[in-house]
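Heads up: the structure comes next, in structure tokens.
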Amino acid sequence: MNEKTKEIVNKLVILISIISIAIFAYSITPKSFQNDTFYTIKIGEHIVKNTDNISDLLPWNKGLDMQDPFSWHKNLPYTYPHWLYDVGTYAIYNYGGLQGIYYATCILSILLGLVIFAINKKINKSTVLSFAMTIASLYCLKNFIAARAQLVTFILFALTYFSIEQFLKTKKVRYALMLIIIPIIIANVHSAVWPFYFILYLPYIAEQLIYAIITVDYKYLYKRVHLFFRRKKLNQSEIEKEKLDLQEEKKAHKLKIEKNLGNLYKFRINKEKNIKWLILIMVICAFTGLLTPIKDTPYTYLIKTNQGNTTQNISEHLPLTLIKNNNMMVILTIVLGILIFSKTKIKVRDFFMLAGLILLSFMSQRQVSMLVLICNFIVLKLICELIESVRKNDLKTKNSDIQYIVMFAVFCAIVMCNIALSLKECKIEKNGPFISASSYPIEACNFIENDLIPSVGIENIRFYNEYNYGSYLLYRGIPVFIDSRADLYAPEFNGVKGKDGKYEGQDIFSDYINTSNISKYYENTFNTYGITHVILYKNSKLNIFLSRSDRYKELYSDKKFVIYERD
């Protein structure tokens with residue numbers, strides 16, 4: 001096969017890969033929205049309608065009002081952790097409605113797939129393997145693909161990893177600029193994950209610290225110091241002779257270190273000349289959290305969240321159970337299999353990155369997304385190195401057309417599987433409306449808007465509602481007891497820090513959790529907050545009690561939801 005034919009085939013393979021990735025990314029994007037999307041729209045609307053001048057949002061001007069306008073609780077401060085994404089989502093909604101948001105999510109999903117593919121292709125060269133790994137990564141990420149700010153930050157974190165790798169390799173200014181611009185965007189698009197940006201630097205710094213520790217010539221340093229204190233007792237020729245001896249010892253030590261590093265078992269470690277510049281970039285980026293209209297939120301949000309109990313009661317923040325997560329099991333099996341049963345070595349920084357992200361994933365299920373996103377690049381490196389080592393040892397097929405034909409056949413098989421998987425995912429994800437009537441009280445809200453509010457008055461209604469659909473009530477303009485902005489309802493965010501280090505404020509989130517699971521008497525909660533009406537899932541624990549109480553008059557009922565008026 002001549003070179004011109006190979007070039008044409010390679011371009012065709014890249015084109016087909018891009019189209020296939022776009023199709024698959026579109027197929028796994030869910031049509032039904034998650035609850036966070038609904039409050040995102042309303043928050044964006046609130047910001048747009050209450051901002052007279054764009055210049056007010058500059059960090060040195062007045063910024064955002066930092067107050068919640070949607071729950072009926074009075075004077076709750078709100079941090080607007082992803083204000084820029086909220087504004088962008090509302091702008092799309094204002095122009096194209098829910099369908100517009102859905103198409104925007106599809107575009108972001110496709111962009112994520114193409115970014116992963118492009119990075120893998122740049123780092124590992126192999127188009128076929130990059131395509132296969134991209135499809136596998138998207139499949140593992142499909143539960144995290146939604147109309148939420150995290151979809152934007154996935155793309156930004158992938159570009160961060162790529163920029164760090166390329167900057168260390170080339171020291172080009174454009175990668176340094178990308179590394180400075182990305183945290184500014186993250187601080188405004190999704191400030192809750194802004195600290196994670198700096199975690200991506202740590203494996204590189206740790207690797208160079210280890211390199212410095214294991215390569216330093218302690219004997220040489222000792223002799224230099226010893227010579228410094230003895231120099232007055234020696235003549236110039238003796239000093240010069242000892243310096244020459246020290247230089248020879250230094251060269252011998254350097255050769256010995258290079259040999260020892262080359263013989264490290266399963267690990268590779270190299271000195272990075274540009275690491276000091278990378279550390280300088282990291283220090284500069286530490287100040288980018290100030291470039292927002294939400295004050296110090298990028299620095300404090302994650303700390304306050306971890307101090308409270310909201311993460312202990314939200315499923316995506318709970319610790320990971322390995323046996324229940326197939327994606328994690330596959331990743332660990334591939335990595336351990338390559339390292340144990342082959343001669344492939346892993347870079348120390350890649351090992352730290354894998355180990356750190358695996359640890360974070362076990363601490364919180366939410367971090368599985370970052371493990372899949374970042375570690376797909378590392379896993380593909382290991383696979384490519386394994387294949388390359390096998391190819392070099394197989395002299396019969398080295399540089400032959402047989403390899404090329406086999407790889408093309410593998411590529412065709414992957415494309416066919418991708419088409420089949422895309423069709424399957426389309427059937428799952430594309431059926432149904434944008435808002436699921438089984439998850440959200442669509443008809444119940446119609447009753448509230450058309451019957452209850454006109455007769456009672458919205459100012460006289462205090463609903464007790466459940467967490468999972470509170471954002472939809474908010475979207476419909478109904479003041480809520482709680483919604484999926486969990487931070488808003490925790491004392492760490494709405495209170496002040498006391499002398500004992502604990503926050504004093506309204507712990508609405510805990511009151512909700514304890515009332516909904518019947519560990520706290522519901523009447524005590526309702527009296528505390530002055531609840532007038534209750535909307536519940538029919539199959540909830542609390543509804544069992546309210547349905548049997550004479551104090552609660554049923555105003556509305558359908559297959560999924562029920563509304564009571566409290567006497």
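Scheme for the structure tokens: letters A, B, ... for chains in order shown; per-chain residue numbers from 1; ligand numbers from 1 in order shown.
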
task = Just the residues within 9 Å of segment 211-220 of chain A, please, counting only C-alpha atoms, with nothing from its chain fewer than 6 positions along; format it as a list in words.
result =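 The residues satisfying every condition are Leu246, Gln247, Glu249, Lys250, His253, Lys254, Ile257, Glu258, Ile269, Asn270 and Lys271 of chain A.
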
key: Spatial neighbours of Thr170 of chain A, 12 Å, only C-alpha atoms, chain gap at least 3 places, as a list in words   =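 The contact residues come out as Phe162, Ser163, Ile164, Glu165, Gln166, Phe167, Val173, Arg174, Tyr175, Ala176, Glu272, Lys273, Asn274, Ile275, Trp277 and Leu278 of chain A.
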
message = For the structure I just gave you, how does DSSP split segment 252-407 of chain A - specifically, which residues are helix (DSSP H, G or I)? Reply as number ranges by chain.
response = A: 252-262, 275-285, 288-290, 297-307, 310-312, 315-317, 322-324, 326-341, 348-363, 365-393, 401-407

query = Using only C-alpha atoms, which residue out of A:Asp567, A:Arg366, A:Gln307, A:Tyr537 lies closest to Asp550 of chain A?
reply =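 Of all the options, A:Asp567 lies closest to Asp550 of chain A.
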
task = Tell me which of A:Lys520, A:Arg231, A:Lys121, A:Lys553 sits closest to Ile18 of chain A, counting only C-alpha atoms.
result =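 Closest residue, counting only C-alpha atoms: A:Lys121.
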